[in-house]
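Have a look at the structure below before the remarks.
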Amino acid sequence: MKVKIKINQQSCISCATCWTLDPNHFVQGNDGKAKVQNGQDDNDPKSEKVVTKCENCLEAANSCPVDAISIKEEEEAS
């Protein structure tokens, strides 16, 4: 299943909840705010990405105190 993870950078308060709960998908960016990555070795974190495997990202999104993270299932191409 592919999901799109999106972080609202204006809402993010850099609380560290997401990258603590799911360090495989979330990192602290240079600006201190959360960014999305696909794995530990991803050198290009962004505020929005489609990932193929997401084990703890839903828990991280639900734990965000300001609801800055959205996760939507992506439709698979036939």
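Each chain in the structure tokens gets a letter, A, B and so on, in the order shown; residues start at 1 in every chain, and ligands are counted from 1 in the order they appear.
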
Could you tell me, as a count of residues only, which residues of region 12-55 of chain A DSSP assigns to alpha helix (DSSP H) when given the backbone?
5

Could you please write out, as a list in words, every residue of chain A that DSSP assigns to strand (DSSP E or B)?
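Strand (DSSP E or B) assignments inside chain A correspond to Val3, Lys4, Ile5, Lys6, Ile7, Phe26, Val27, Gln28, Ala34, Lys35, Val36, Lys46, Glu48, Lys49, Val50, Val51, Ile69, Ser70, Ile71, Lys72 and Glu73 of chain A.
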
If you keep N, CA and C atoms, can you produce a file of those selected residues as a PDB file, in the first residue's frame?
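out-v1.pdb, freshly written:
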ATOM      1  N   VAL A   3       1.145   5.335   0.543  1.00  0.00           N
ATOM      2  CA  VAL A   3       0.471   6.439   1.222  1.00  0.00           C
ATOM      3  C   VAL A   3       1.243   7.718   0.988  1.00  0.00           C
ATOM      4  N   LYS A   4       0.497   8.821   0.959  1.00  0.00           N
ATOM      5  CA  LYS A   4       1.121  10.135   0.838  1.00  0.00           C
ATOM      6  C   LYS A   4       1.144  10.756   2.225  1.00  0.00           C
ATOM      7  N   ILE A   5       2.341  11.100   2.687  1.00  0.00           N
ATOM      8  CA  ILE A   5       2.514  11.777   3.960  1.00  0.00           C
ATOM      9  C   ILE A   5       2.773  13.245   3.651  1.00  0.00           C
ATOM     10  N   LYS A   6       2.012  14.109   4.284  1.00  0.00           N
ATOM     11  CA  LYS A   6       2.175  15.541   4.060  1.00  0.00           C
ATOM     12  C   LYS A   6       2.233  16.250   5.405  1.00  0.00           C
ATOM     13  N   ILE A   7       3.197  17.147   5.550  1.00  0.00           N
ATOM     14  CA  ILE A   7       3.344  17.922   6.774  1.00  0.00           C
ATOM     15  C   ILE A   7       3.076  19.386   6.463  1.00  0.00           C
ATOM     16  N   PHE A  26      10.159  10.213   9.486  1.00  0.00           N
ATOM     17  CA  PHE A  26      10.179  11.624   9.862  1.00  0.00           C
ATOM     18  C   PHE A  26      11.550  12.013  10.418  1.00  0.00           C
ATOM     19  N   VAL A  27      11.994  13.194  10.047  1.00  0.00           N
ATOM     20  CA  VAL A  27      13.257  13.742  10.544  1.00  0.00           C
ATOM     21  C   VAL A  27      13.064  15.222  10.851  1.00  0.00           C
ATOM     22  N   GLN A  28      13.982  15.752  11.619  1.00  0.00           N
ATOM     23  CA  GLN A  28      13.980  17.195  11.870  1.00  0.00           C
ATOM     24  C   GLN A  28      14.769  17.859  10.755  1.00  0.00           C
ATOM     25  N   ALA A  34       9.472  19.319  11.149  1.00  0.00           N
ATOM     26  CA  ALA A  34       9.431  17.942  10.670  1.00  0.00           C
ATOM     27  C   ALA A  34       9.473  17.882   9.148  1.00  0.00           C
ATOM     28  N   LYS A  35      10.148  16.856   8.649  1.00  0.00           N
ATOM     29  CA  LYS A  35      10.211  16.557   7.221  1.00  0.00           C
ATOM     30  C   LYS A  35       9.961  15.060   7.051  1.00  0.00           C
ATOM     31  N   VAL A  36       9.577  14.649   5.837  1.00  0.00           N
ATOM     32  CA  VAL A  36       9.326  13.250   5.521  1.00  0.00           C
ATOM     33  C   VAL A  36      10.505  12.690   4.754  1.00  0.00           C
ATOM     34  N   LYS A  46      11.514  15.967   2.550  1.00  0.00           N
ATOM     35  CA  LYS A  46      10.581  16.978   2.031  1.00  0.00           C
ATOM     36  C   LYS A  46       9.396  17.096   2.974  1.00  0.00           C
ATOM     37  N   GLU A  48       6.422  16.646   1.880  1.00  0.00           N
ATOM     38  CA  GLU A  48       5.395  15.774   1.306  1.00  0.00           C
ATOM     39  C   GLU A  48       6.061  14.680   0.490  1.00  0.00           C
ATOM     40  N   LYS A  49       5.638  13.423   0.708  1.00  0.00           N
ATOM     41  CA  LYS A  49       6.192  12.305  -0.052  1.00  0.00           C
ATOM     42  C   LYS A  49       5.222  11.156  -0.093  1.00  0.00           C
ATOM     43  N   VAL A  50       5.329  10.342  -1.142  1.00  0.00           N
ATOM     44  CA  VAL A  50       4.601   9.088  -1.226  1.00  0.00           C
ATOM     45  C   VAL A  50       5.573   7.992  -0.826  1.00  0.00           C
ATOM     46  N   VAL A  51       5.157   7.158   0.123  1.00  0.00           N
ATOM     47  CA  VAL A  51       5.999   6.058   0.584  1.00  0.00           C
ATOM     48  C   VAL A  51       5.248   4.747   0.388  1.00  0.00           C
ATOM     49  N   ILE A  69       0.212  16.722  10.396  1.00  0.00           N
ATOM     50  CA  ILE A  69       0.545  15.617   9.503  1.00  0.00           C
ATOM     51  C   ILE A  69      -0.729  14.998   8.957  1.00  0.00           C
ATOM     52  N   SER A  70      -0.791  14.853   7.621  1.00  0.00           N
ATOM     53  CA  SER A  70      -1.905  14.144   7.009  1.00  0.00           C
ATOM     54  C   SER A  70      -1.360  12.947   6.241  1.00  0.00           C
ATOM     55  N   ILE A  71      -2.127  11.861   6.264  1.00  0.00           N
ATOM     56  CA  ILE A  71      -1.744  10.634   5.574  1.00  0.00           C
ATOM     57  C   ILE A  71      -2.934  10.172   4.767  1.00  0.00           C
ATOM     58  N   LYS A  72      -2.716  10.001   3.455  1.00  0.00           N
ATOM     59  CA  LYS A  72      -3.790   9.559   2.571  1.00  0.00           C
ATOM     60  C   LYS A  72      -3.292   8.393   1.743  1.00  0.00           C
ATOM     61  N   GLU A  73      -4.160   7.403   1.582  1.00  0.00           N
ATOM     62  CA  GLU A  73      -3.827   6.254   0.757  1.00  0.00           C
ATOM     63  C   GLU A  73      -3.818   6.675  -0.708  1.00  0.00           C
TER      64      GLU A  73
END

Fewer than 2 positions away in the same chain doesn't count, so skip those; otherwise give me all residues within 7 Å of Asn56 (chain A), counting only C-alpha atoms, as a PDB file with C-alpha atoms, in the first residue's frame.
ATOM      1  CA  LEU A  21       7.618   7.652  17.091  1.00  0.00           C
ATOM      2  CA  ASP A  22       8.656   6.963  13.468  1.00  0.00           C
ATOM      3  CA  CYS A  54       4.338   2.963   6.509  1.00  0.00           C
ATOM      4  CA  LEU A  58      -0.259   6.765  11.279  1.00  0.00           C
ATOM      5  CA  GLU A  59       0.560   6.691  14.997  1.00  0.00           C
ATOM      6  CA  ALA A  60       2.911   9.630  14.511  1.00  0.00           C
TER       7      ALA A  60
END

Identify which of the residues A:Thr52, A:Asn38, A:Asn8, A:Asn62 lies closest to Pro23 (chain A), counting only C-alpha atoms when measuring atom-to-atom distances.
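Among A:Thr52, A:Asn38, A:Asn8, A:Asn62, it is A:Asn38 that comes nearest to Pro23 (chain A).
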
I'd like the neighbourhood of Lys33 (chain A) as a list in words, where a residue qualifies if any of its atoms comes within 8 Å (using only C-alpha atoms), though same-chain residues fewer than 2 positions away should be ignored.
Gln9, Cys12, Ile13, Ser14, Gln28, Gly29, Asn30, Asp31 and Lys35 of chain A

Need the shell around Thr17 (chain A): protein/DNA/RNA residues with any atom at most 8 Å away, counting only C-alpha atoms. Skip same-chain ones fewer than 2 positions apart. Format as a PyMOL selection string?
chain A and resi 15+19-21+60+63-64

Those same residues, written as an mmCIF file, in the first residue's frame with N, CA and C atoms?
data_model
loop_
_atom_site.group_PDB
_atom_site.id
_atom_site.type_symbol
_atom_site.label_atom_id
_atom_site.label_comp_id
_atom_site.auth_asym_id
_atom_site.auth_seq_id
_atom_site.Cartn_x
_atom_site.Cartn_y
_atom_site.Cartn_z
ATOM 1 N N CYS A 15 7.796 19.709 17.784
ATOM 2 C CA CYS A 15 7.697 19.058 19.092
ATOM 3 C C CYS A 15 8.460 17.738 19.168
ATOM 4 N N TRP A 19 9.126 12.321 14.701
ATOM 5 C CA TRP A 19 10.394 11.637 14.447
ATOM 6 C C TRP A 19 10.832 10.775 15.615
ATOM 7 N N THR A 20 10.238 10.947 16.776
ATOM 8 C CA THR A 20 10.488 10.041 17.895
ATOM 9 C C THR A 20 9.717 8.737 17.706
ATOM 10 N N LEU A 21 8.450 8.835 17.294
ATOM 11 C CA LEU A 21 7.618 7.652 17.091
ATOM 12 C C LEU A 21 7.958 6.899 15.810
ATOM 13 N N ALA A 60 2.241 8.332 14.417
ATOM 14 C CA ALA A 60 2.911 9.630 14.511
ATOM 15 C C ALA A 60 1.956 10.759 14.124
ATOM 16 N N SER A 63 -0.593 11.379 16.786
ATOM 17 C CA SER A 63 0.008 11.917 18.007
ATOM 18 C C SER A 63 0.451 13.365 17.874
ATOM 19 N N CYS A 64 0.419 13.905 16.667
ATOM 20 C CA CYS A 64 0.837 15.295 16.459
ATOM 21 C C CYS A 64 -0.116 16.227 17.208
#

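Among A:His25, A:Pro45, A:Ser11, A:Ala16, the residue with the shortest atom-to-atom distance to Ala68 (chain A), counting only C-alpha atoms, is A:Ser11.
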